[in-house]
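Asks: Sharing input.cif, mmCIF, C-alpha atoms:
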```cif
data_work
loop_
_atom_site.label_atom_id
_atom_site.label_comp_id
_atom_site.auth_asym_id
_atom_site.auth_seq_id
_atom_site.Cartn_x
_atom_site.Cartn_y
_atom_site.Cartn_z
CA ARG A 1 -106.07 -100.90 53.60
CA TYR A 2 -103.77 -101.26 56.56
CA VAL A 3 -100.05 -102.01 56.25
CA ARG A 4 -98.26 -103.17 59.36
CA GLN A 5 -95.12 -101.13 59.91
CA LEU A 6 -93.10 -103.95 61.41
CA GLN A 7 -90.96 -105.76 58.85
CA ARG A 8 -89.03 -108.40 60.75
CA LEU A 9 -88.52 -109.56 64.30
CA GLN A 10 -85.19 -111.24 64.98
CA LEU A 11 -84.98 -113.24 68.16
CA LEU A 12 -81.33 -113.77 69.14
CA PHE A 13 -80.66 -115.94 72.14
CA SER A 14 -78.13 -118.48 73.33
CA PRO A 15 -79.12 -122.07 74.09
CA THR A 16 -77.00 -122.32 77.24
CA ALA A 17 -77.09 -118.99 79.08
CA ALA A 18 -79.27 -118.73 82.17
CA ASP A 19 -80.82 -115.35 81.41
CA ALA A 20 -82.16 -116.58 78.05
CA ARG A 21 -84.52 -119.06 79.72
CA GLY A 22 -87.57 -116.94 79.01
CA ALA A 23 -86.49 -116.56 75.38
CA ARG A 24 -86.09 -120.33 75.01
CA GLN A 25 -89.54 -120.96 76.55
CA PHE A 26 -91.07 -118.32 74.27
CA VAL A 27 -89.52 -120.00 71.25
CA GLU A 28 -90.78 -123.41 72.33
CA GLU A 29 -94.34 -122.40 73.19
CA ALA A 30 -95.54 -119.00 72.07
CA ALA A 31 -93.55 -118.14 68.96
CA LEU A 32 -95.78 -120.16 66.64
CA ASP A 33 -98.95 -118.53 68.01
CA PHE A 34 -97.42 -115.10 67.60
CA ALA A 35 -96.39 -115.86 64.02
CA ARG A 36 -99.88 -117.12 63.21
CA ARG A 37 -101.58 -114.10 64.73
CA HIS A 38 -99.34 -111.66 62.84
CA PRO A 39 -98.99 -113.20 59.37
CA ASP A 40 -97.38 -110.14 57.82
CA VAL A 41 -94.40 -110.09 60.21
CA VAL A 42 -91.39 -112.29 59.49
CA LEU A 43 -89.99 -113.92 62.60
CA TYR A 44 -86.36 -115.08 62.55
CA VAL A 45 -85.07 -117.24 65.38
CA SER A 46 -81.30 -117.60 65.49
CA PRO A 47 -79.43 -119.09 68.43
CA ARG A 48 -75.92 -117.78 69.06
CA SER A 49 -73.90 -118.37 72.18
CA GLY A 50 -71.99 -115.79 74.18
CA TRP A 51 -74.32 -112.86 73.34
CA ALA A 52 -77.09 -111.32 75.50
CA PRO A 53 -80.62 -112.27 74.40
CA LEU A 54 -82.03 -109.57 72.13
CA LEU A 55 -85.24 -108.89 70.27
CA LEU A 56 -84.47 -106.87 67.13
CA ALA A 57 -87.39 -105.13 65.39
CA GLU A 58 -86.96 -103.61 61.93
CA TYR A 59 -89.58 -101.26 60.55
CA LEU A 60 -90.53 -100.20 57.03
CA ASN A 61 -88.81 -96.83 57.34
CA GLY A 62 -85.50 -98.43 58.30
CA THR A 63 -85.40 -97.86 62.07
CA VAL A 64 -84.08 -100.78 64.09
CA ARG A 65 -85.08 -101.20 67.72
CA GLU A 66 -83.28 -103.54 70.08
CA GLU A 67 -84.87 -104.72 73.30
CA LEU A 68 -83.07 -106.78 75.90
CA ILE A 69 -85.05 -109.83 76.99
CA ALA A 70 -82.60 -111.16 79.58
CA GLY A 71 -84.36 -112.40 82.67
CA LYS A 72 -87.90 -111.97 81.31
CA THR A 73 -90.60 -114.61 81.29
CA SER A 74 -92.12 -115.81 78.05
CA GLU A 75 -95.39 -113.92 78.68
CA GLU A 76 -93.51 -110.68 79.08
CA ILE A 77 -91.62 -111.34 75.86
CA ALA A 78 -94.93 -112.03 74.10
CA GLN A 79 -96.35 -108.74 75.37
CA LEU A 80 -93.21 -106.93 74.22
CA ALA A 81 -93.48 -108.53 70.82
CA THR A 82 -97.13 -107.49 70.40
CA LYS A 83 -96.27 -103.97 71.49
CA LEU A 84 -93.45 -103.77 68.94
CA ALA A 85 -95.75 -105.17 66.28
CA GLY A 86 -98.25 -102.38 66.90
CA GLN A 87 -95.67 -99.58 66.76
CA SER A 88 -94.37 -97.82 63.72
CA GLY A 89 -90.76 -96.93 63.15
CA LEU A 90 -91.05 -93.25 64.09
CA ASP A 91 -88.86 -91.99 66.93
CA ILE A 92 -90.51 -91.91 70.32
CA VAL A 93 -90.02 -88.20 70.94
CA ARG A 94 -92.38 -85.61 72.39
CA ILE A 95 -94.98 -84.83 69.74
CA ARG A 96 -96.30 -81.31 69.91
CA LYS A 97 -99.80 -81.85 68.52
CA PRO A 98 -102.01 -84.92 68.88
CA PHE A 99 -103.57 -84.30 65.46
CA HIS A 100 -102.36 -83.68 61.94
CA THR A 101 -104.37 -82.53 58.94
CA ASP A 102 -103.41 -81.82 55.39
CA ASN A 103 -106.50 -79.66 54.80
CA PRO A 104 -107.11 -77.71 58.00
CA SER A 105 -109.83 -75.39 56.68
CA VAL A 106 -112.87 -76.38 54.64
CA GLN A 107 -114.93 -73.20 54.55
CA GLY A 108 -111.93 -70.90 54.25
CA GLN A 109 -109.70 -69.83 57.09
CA TRP A 110 -111.01 -67.07 59.32
CA HIS A 111 -109.32 -63.68 59.03
CA PRO A 112 -110.49 -60.53 60.81
CA LEU A 113 -112.35 -59.28 57.75
CA THR A 114 -114.75 -62.22 57.37
CA ASN A 115 -118.34 -61.57 58.43
CA LYS A 116 -117.89 -57.82 58.37
CA PRO A 117 -119.76 -55.48 56.03
CA SER A 118 -117.59 -53.77 53.47
CA ALA A 119 -116.90 -50.02 53.55
CA LEU A 120 -119.58 -49.29 50.91
CA THR A 121 -122.48 -50.48 53.02
CA ILE A 122 -121.36 -49.22 56.39
CA GLN A 123 -123.46 -46.61 58.14
CA GLY A 124 -121.95 -44.71 60.97
CA PRO A 125 -121.85 -41.32 62.54
CA ARG A 126 -118.42 -40.70 61.03
CA LEU A 127 -119.16 -41.32 57.36
CA GLN A 128 -120.66 -38.28 55.63
CA PRO A 129 -123.87 -38.88 53.68
CA GLN A 130 -123.23 -38.82 49.92
CA VAL B 1 -141.77 -38.89 79.50
CA ALA B 2 -138.78 -37.09 78.04
CA LYS B 3 -136.27 -39.17 76.11
CA THR B 4 -132.82 -39.21 77.68
CA SER B 5 -129.67 -40.94 76.58
CA LEU B 6 -130.53 -43.97 78.71
CA THR B 7 -134.20 -44.57 77.74
CA SER B 8 -133.32 -46.92 74.89
CA PRO B 9 -130.32 -49.27 74.77
CA PRO B 10 -127.33 -48.13 72.68
CA TRP B 11 -127.56 -51.06 70.23
CA PRO B 12 -129.94 -50.75 67.25
CA GLU B 13 -133.41 -52.22 67.77
CA VAL B 14 -133.95 -55.43 65.82
CA GLU B 15 -137.43 -56.43 64.62
CA LEU B 16 -138.05 -60.17 64.52
CA PRO B 17 -139.68 -61.40 61.30
CA ASP B 18 -143.11 -63.07 61.16
CA PRO B 19 -143.15 -66.66 62.45
CA VAL B 20 -145.14 -67.83 59.41
CA GLU B 21 -142.68 -66.29 56.99
CA GLU B 22 -139.82 -67.68 59.06
CA ALA B 23 -141.25 -71.18 58.84
CA LYS B 24 -141.57 -70.88 55.05
CA TYR B 25 -138.01 -69.61 54.79
CA HIS B 26 -136.75 -72.48 56.95
CA ALA B 27 -138.56 -75.03 54.79
CA GLU B 28 -137.05 -73.51 51.65
CA VAL B 29 -133.56 -73.63 53.09
CA VAL B 30 -134.01 -77.26 54.19
CA GLN B 31 -135.22 -78.22 50.70
CA LYS B 32 -132.26 -76.54 49.07
CA VAL B 33 -129.78 -78.27 51.38
CA ASN B 34 -131.50 -81.62 50.81
CA LYS B 35 -131.24 -81.20 47.06
CA MET B 36 -127.59 -80.30 47.32
CA ILE B 37 -126.82 -83.37 49.41
CA ALA B 38 -128.88 -85.62 47.13
CA THR B 39 -127.13 -84.43 43.99
CA GLY B 40 -123.77 -84.65 45.76
CA GLN B 41 -122.63 -81.08 45.22
CA TYR B 42 -120.55 -80.87 48.37
CA GLY B 43 -116.76 -81.09 48.20
CA ARG B 44 -114.82 -81.76 51.38
CA LEU B 45 -116.74 -82.50 54.58
CA PHE B 46 -115.53 -81.72 58.05
CA ALA B 47 -117.05 -82.92 61.31
CA VAL B 48 -116.76 -82.21 65.02
CA VAL B 49 -116.65 -85.49 66.90
CA HIS B 50 -116.63 -86.18 70.63
CA PHE B 51 -114.11 -88.97 71.23
CA ALA B 52 -112.01 -90.00 74.23
CA SER B 53 -113.47 -87.15 76.33
CA LYS B 54 -112.27 -84.57 73.80
CA GLN B 55 -113.85 -82.82 70.84
CA TRP B 56 -111.95 -83.01 67.58
CA LYS B 57 -112.49 -81.18 64.31
CA ILE B 58 -111.73 -83.78 61.68
CA THR B 59 -111.73 -84.08 57.90
CA SER B 60 -111.03 -87.18 55.85
CA GLU B 61 -107.45 -88.55 55.76
CA ASP B 62 -106.16 -86.96 58.90
CA LEU B 63 -104.41 -88.37 61.96
CA ILE B 64 -105.58 -88.29 65.57
CA MET B 65 -103.78 -89.57 68.64
CA MET B 66 -105.31 -90.59 71.95
CA ASP B 67 -103.58 -91.08 75.24
CA ASN B 68 -105.35 -94.32 76.07
CA VAL B 69 -105.82 -97.88 74.92
CA LEU B 70 -108.64 -98.83 72.56
CA GLU B 71 -109.95 -102.35 72.53
CA ALA B 72 -109.56 -102.63 68.76
CA GLU B 73 -106.55 -104.28 67.13
CA CYS B 74 -104.28 -102.56 64.63
CA GLY B 75 -106.02 -102.29 61.28
CA ASP B 76 -109.60 -102.38 62.58
CA ARG B 77 -112.19 -100.07 61.12
CA ILE B 78 -114.08 -98.04 63.71
CA ARG B 79 -117.30 -96.11 63.27
CA MET B 80 -117.50 -92.96 65.40
CA GLU B 81 -120.86 -91.95 66.82
CA LYS B 82 -121.40 -88.77 68.84
CA VAL B 83 -121.06 -86.35 65.94
CA LEU B 84 -121.83 -82.79 66.99
CA LEU B 85 -121.42 -80.83 63.76
CA VAL B 86 -120.99 -81.58 60.07
CA GLY B 87 -120.09 -78.96 57.53
CA ALA B 88 -119.18 -78.52 53.90
CA ASP B 89 -118.28 -75.55 51.79
CA ASP B 90 -121.79 -74.06 51.52
CA PHE B 91 -123.81 -75.50 54.41
CA THR B 92 -123.43 -76.88 57.93
CA LEU B 93 -125.58 -79.26 59.90
CA VAL B 94 -125.60 -78.47 63.60
CA GLY B 95 -126.77 -81.10 66.07
CA ARG B 96 -128.54 -80.42 69.36
CA PRO B 97 -126.28 -81.68 70.83
CA LEU B 98 -125.76 -84.79 68.68
CA LEU B 99 -126.66 -85.55 65.07
CA GLY B 100 -128.57 -88.67 64.19
CA LYS B 101 -126.71 -91.84 63.35
CA ASP B 102 -128.64 -92.23 60.09
CA LEU B 103 -127.46 -88.81 58.94
CA VAL B 104 -123.69 -88.97 59.33
CA ARG B 105 -121.16 -91.77 59.19
CA VAL B 106 -117.55 -91.25 60.31
CA GLU B 107 -115.14 -94.15 59.77
CA ALA B 108 -111.60 -94.46 61.10
CA THR B 109 -108.86 -97.12 61.21
CA VAL B 110 -106.49 -97.88 64.06
CA ILE B 111 -103.01 -97.45 62.63
CA GLU B 112 -100.64 -97.73 65.53
CA LYS B 113 -100.59 -98.60 69.22
CA THR B 114 -97.41 -97.26 70.75
CA GLU B 115 -96.26 -95.81 74.02
CA SER B 116 -95.51 -92.16 74.64
CA TRP B 117 -92.05 -90.78 75.24
CA PRO B 118 -90.78 -91.46 78.79
CA LYS B 119 -91.95 -88.62 81.00
CA ILE B 120 -90.03 -87.95 84.19
CA ASN B 121 -91.99 -87.42 87.40
CA MET B 122 -89.64 -86.21 90.12
CA HIS B 123 -90.16 -84.85 93.62
CA PHE B 124 -87.29 -83.10 95.33
CA TRP B 125 -87.13 -81.11 98.54
CA LYS B 126 -83.91 -79.32 99.21
CA ARG B 127 -81.97 -79.78 102.43
CA HIS B 128 -84.24 -82.70 103.38
CA ASN B 129 -82.53 -85.52 101.52
CA TYR B 130 -85.81 -86.33 99.75
CA GLN B 131 -86.03 -87.18 96.10
CA ARG B 132 -88.26 -89.60 94.23
CA LYS B 133 -87.96 -90.24 90.53
CA LYS B 134 -90.55 -92.05 88.43
CA ILE B 135 -90.66 -92.54 84.67
CA ILE B 136 -94.19 -92.53 83.23
CA VAL B 137 -94.93 -94.11 79.87
CA ASN B 138 -98.51 -93.81 78.57
CA PRO B 139 -99.97 -96.12 75.95
CA GLN B 140 -101.20 -94.25 72.89
CA THR B 141 -103.30 -95.10 69.84
CA VAL B 142 -103.13 -93.40 66.46
CA LEU B 143 -106.25 -93.30 64.30
CA ARG B 144 -106.65 -92.19 60.72
CA ILE B 145 -110.07 -90.87 59.69
CA ASN B 146 -111.01 -92.59 56.46
CA THR B 147 -114.36 -91.11 55.38
CA ILE B 148 -117.13 -88.79 56.48
CA GLU B 149 -120.45 -89.36 54.70
CA ILE B 150 -123.86 -87.72 54.93
CA PHE B 151 -127.18 -89.14 53.79
CA PRO B 152 -130.06 -86.95 52.56
CA CYS B 153 -132.78 -87.49 55.15
CA LEU B 154 -133.23 -84.10 56.79
CA SER B 155 -136.56 -82.94 58.13
#
```
Show the structure stored in the file as structure tokens.
Replies:
Amino acid sequence: RYVRQLQRLQLLFSPTAADARGARQFVEEAALDFARRHPDVVLYVSPRSGWAPLLLAEYLNGTVREELIAGKTSEEIAQLATKLAGQSGLDIVRIRKPFHTDNPSVQGQWHPLTNKPSALTIQGPRLQPQ
Amino acid sequence: VAKTSLTSPPWPEVELPDPVEEAKYHAEVVQKVNKMIATGQYGRLFAVVHFASKQWKITSEDLIMMDNVLEAECGDRIRMEKVLLVGADDFTLVGRPLLGKDLVRVEATVIEKTESWPKINMHFWKRHNYQRKKIIVNPQTVLRINTIEIFPCLS
């Protein structure tokens, strides 16, 4: 069971500005394909004039990511959209370990006294014979 | 010849057991382990898997991240071959170097395909007016190990 972490994608562009040409082409051609390929992502397309073209991505844990799409071609916007769809809403910060386990030890964690004979069975030149 | 302090090595001499008895003992142990696997008496299983040029020690339900791009889409189930070791609470199965595919089955799902944090790659020489700055972003994939299963067909 896999749940996609992307909730909605809001595409905000203006119908007249020159830098939103790629966004308009994407909406005309590739937006339907993208929506069909990712059926669990809601895609909102809202034209508004006077604002820079933006691609807003909201994730299930509440983080909102804005990406400027001014001056990009429709293929680049499609690639961006697929990349955002594959991400989760966690911050992109340096992660210290590339693995995470809830149960790190199965056979018991090693401590310096494992695999050593106990003091009753030890034989050495120092212990006196009893 | 007289015995000095250097005639025999300082560690205690170990006598190897009879090969016939050893073979019987091995067969007994294998039977016991087979019975345990068949009845399902093991609890949590861990495995050592060679993946993306690294060896990972994995259990079920844990996360792994690679610094590359896999050809699978988000949400695909992946079966990992190249299992080197499988262990449970009471026994371990060691492969030489790999275990058979009909013995172990490790399944994982691709959860996320993101990019890493932007790393800065800068060269600077002082007094030479030379500096180059480059921001490197690597694609990463996050996998979650779903299950590790073993099947009782030892020999």
Asks: Tell me, as a ChimeraX atom specification, which residues lie within 8 Å of Arg77 of chain B, counting all atoms listed in the file; anything in the same chain fewer than 4 positions away does not count.
Replies: /B:107-110
Asks: Set out as a Markdown table a contact list for chain B and chain A with a cut-off of 10 Å, giving each residue of chain B that qualifies its closest atom pair and distance in Å to one decimal, counting all atoms listed in the file, ordered by chain and rising residue number.
Replies:
```
| residue | atom | partner | partner_atom | distance |
| --- | --- | --- | --- | --- |
| B:Gly43 | CA | A:Val106 | CA | 8.9 |
| B:Arg44 | CA | A:Val106 | CA | 6.6 |
| B:Leu45 | CA | A:Val106 | CA | 7.2 |
| B:Phe46 | CA | A:Val106 | CA | 6.9 |
| B:Trp56 | CA | A:Phe99 | CA | 8.7 |
| B:Lys57 | CA | A:Pro104 | CA | 9.0 |
| B:Ile58 | CA | A:Thr101 | CA | 8.0 |
| B:Thr59 | CA | A:Asn103 | CA | 7.5 |
| B:Ser60 | CA | A:Thr101 | CA | 8.7 |
| B:Glu61 | CA | A:Thr101 | CA | 7.5 |
| B:Asp62 | CA | A:Thr101 | CA | 4.8 |
| B:Leu63 | CA | A:His100 | CA | 5.1 |
| B:Ile64 | CA | A:Phe99 | CA | 4.5 |
| B:Met65 | CA | A:Pro98 | CA | 5.0 |
| B:Met66 | CA | A:Pro98 | CA | 7.2 |
| B:Asp67 | CA | A:Pro98 | CA | 9.0 |
| B:Glu73 | CA | A:Gly86 | CA | 8.5 |
| B:Cys74 | CA | A:Gly86 | CA | 6.4 |
| B:Gly75 | CA | A:Tyr2 | CA | 5.3 |
| B:Asp76 | CA | A:Tyr2 | CA | 8.5 |
| B:Arg77 | CA | A:Tyr2 | CA | 9.6 |
| B:Gly87 | CA | A:Val106 | CA | 8.2 |
| B:Ala88 | CA | A:Val106 | CA | 6.7 |
| B:Asp89 | CA | A:Gln107 | CA | 4.9 |
| B:Asp90 | CA | A:Gln107 | CA | 7.5 |
| B:Phe91 | CA | A:Gln107 | CA | 9.2 |
| B:Thr92 | CA | A:Gln107 | CA | 9.9 |
| B:Thr109 | CA | A:Tyr2 | CA | 8.0 |
| B:Val110 | CA | A:Tyr2 | CA | 8.7 |
| B:Ile111 | CA | A:Tyr2 | CA | 7.2 |
| B:Glu112 | CA | A:Gly86 | CA | 5.4 |
| B:Lys113 | CA | A:Gly86 | CA | 5.0 |
| B:Thr114 | CA | A:Gln87 | CA | 4.9 |
| B:Glu115 | CA | A:Ile92 | CA | 7.9 |
| B:Ser116 | CA | A:Ile92 | CA | 6.6 |
| B:Trp117 | CA | A:Ile92 | CA | 5.3 |
| B:Pro118 | CA | A:Ile92 | CA | 8.5 |
| B:Lys119 | CA | A:Arg94 | CA | 9.1 |
| B:Pro139 | CA | A:Lys83 | CA | 9.8 |
| B:Gln140 | CA | A:Gln87 | CA | 9.8 |
| B:Thr141 | CA | A:Gly86 | CA | 9.3 |
| B:Val142 | CA | A:Pro98 | CA | 8.9 |
| B:Leu143 | CA | A:Phe99 | CA | 9.5 |
| B:Arg144 | CA | A:His100 | CA | 9.6 |
```
Asks: What lies within 8 Å of Asp19 of chain A using all atoms listed in the file, ignoring chain neighbours under 2 positions off, as a CSV table (one decimal) with C-alpha atoms, in the coordinates of the input?
Replies:
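Listed below is the output, part_29.csv:
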```csv
chain,number,residue,atom,x,y,z
A,17,ALA,CA,-77.1,-119.0,79.1
A,21,ARG,CA,-84.5,-119.1,79.7
A,22,GLY,CA,-87.6,-116.9,79.0
A,53,PRO,CA,-80.6,-112.3,74.4
A,70,ALA,CA,-82.6,-111.2,79.6
A,71,GLY,CA,-84.4,-112.4,82.7
A,72,LYS,CA,-87.9,-112.0,81.3
```
Asks: List as a list in words the protein and nucleic acid residues near Ile135 of chain B, meaning an atom at most 9 Å away when all atoms listed in the file are counted, but skip any in the same chain fewer than 2 places from it.
Replies: Pro118, Lys119, Ile120, Asn121, Met122, Lys133 and Val137 of chain B
Asks: Could you state the separation of atom CA of Val49 of chain B and atom CA of Leu84 of chain B in Å, given to one decimal place?
Replies: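 About the pair atom CA of Val49 of chain B and atom CA of Leu84 of chain B: they are 5.8 Å apart.
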Asks: What are the centre and the three edge lengths of an axis-aligned box that wraps all atoms of segment 61-68 of chain B in the file, given that 5 Å is added to every side, written as JSON and rounded to one decimal in Å?
Replies:
```
{"center_x": -105.5, "center_y": -90.6, "center_z": 65.9, "size_x": 13.9, "size_y": 17.4, "size_z": 30.3}
```
Asks: Suppose you want the space between atom CA of Gly50 of chain A and atom CA of Ala18 of chain A; what is it in Å?
Replies: 11.2 Å
Asks: What is the distance, in Å and to one decimal place, between atom CA of Leu6 of chain A and atom CA of Asp40 of chain A?
Replies: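 Computing it gives 8.3 Å between the two atoms.
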Asks: If we count all atoms listed in the file and set the cut-off at 12 Å, which residues sit around Val64 of chain A, ignoring sequence neighbours fewer than 3 positions away in its own chain? Please answer as a PyMOL selection string.
Replies: chain A and resi 5-10+55-61+67+84+87-91
Asks: Using only C-alpha atoms, which protein or nucleic acid residues come within 9 Å of Ser74 of chain A? Drop anything in the same chain fewer than 3 positions from it, and give the result as a PDB file with C-alpha atoms, in the frame of the given file.
Replies:
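part.pdb, written as the output of this step:
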```
ATOM      1  CA  ARG A  21     -84.520-119.060  79.720  1.00  0.00           C
ATOM      2  CA  GLY A  22     -87.570-116.940  79.010  1.00  0.00           C
ATOM      3  CA  ALA A  23     -86.490-116.560  75.380  1.00  0.00           C
ATOM      4  CA  ARG A  24     -86.090-120.330  75.010  1.00  0.00           C
ATOM      5  CA  GLN A  25     -89.540-120.960  76.550  1.00  0.00           C
ATOM      6  CA  PHE A  26     -91.070-118.320  74.270  1.00  0.00           C
ATOM      7  CA  VAL A  27     -89.520-120.000  71.250  1.00  0.00           C
ATOM      8  CA  GLU A  29     -94.340-122.400  73.190  1.00  0.00           C
ATOM      9  CA  ALA A  30     -95.540-119.000  72.070  1.00  0.00           C
ATOM     10  CA  ILE A  77     -91.620-111.340  75.860  1.00  0.00           C
ATOM     11  CA  ALA A  78     -94.930-112.030  74.100  1.00  0.00           C
ATOM     12  CA  GLN A  79     -96.350-108.740  75.370  1.00  0.00           C
TER      13      GLN A  79
END
```
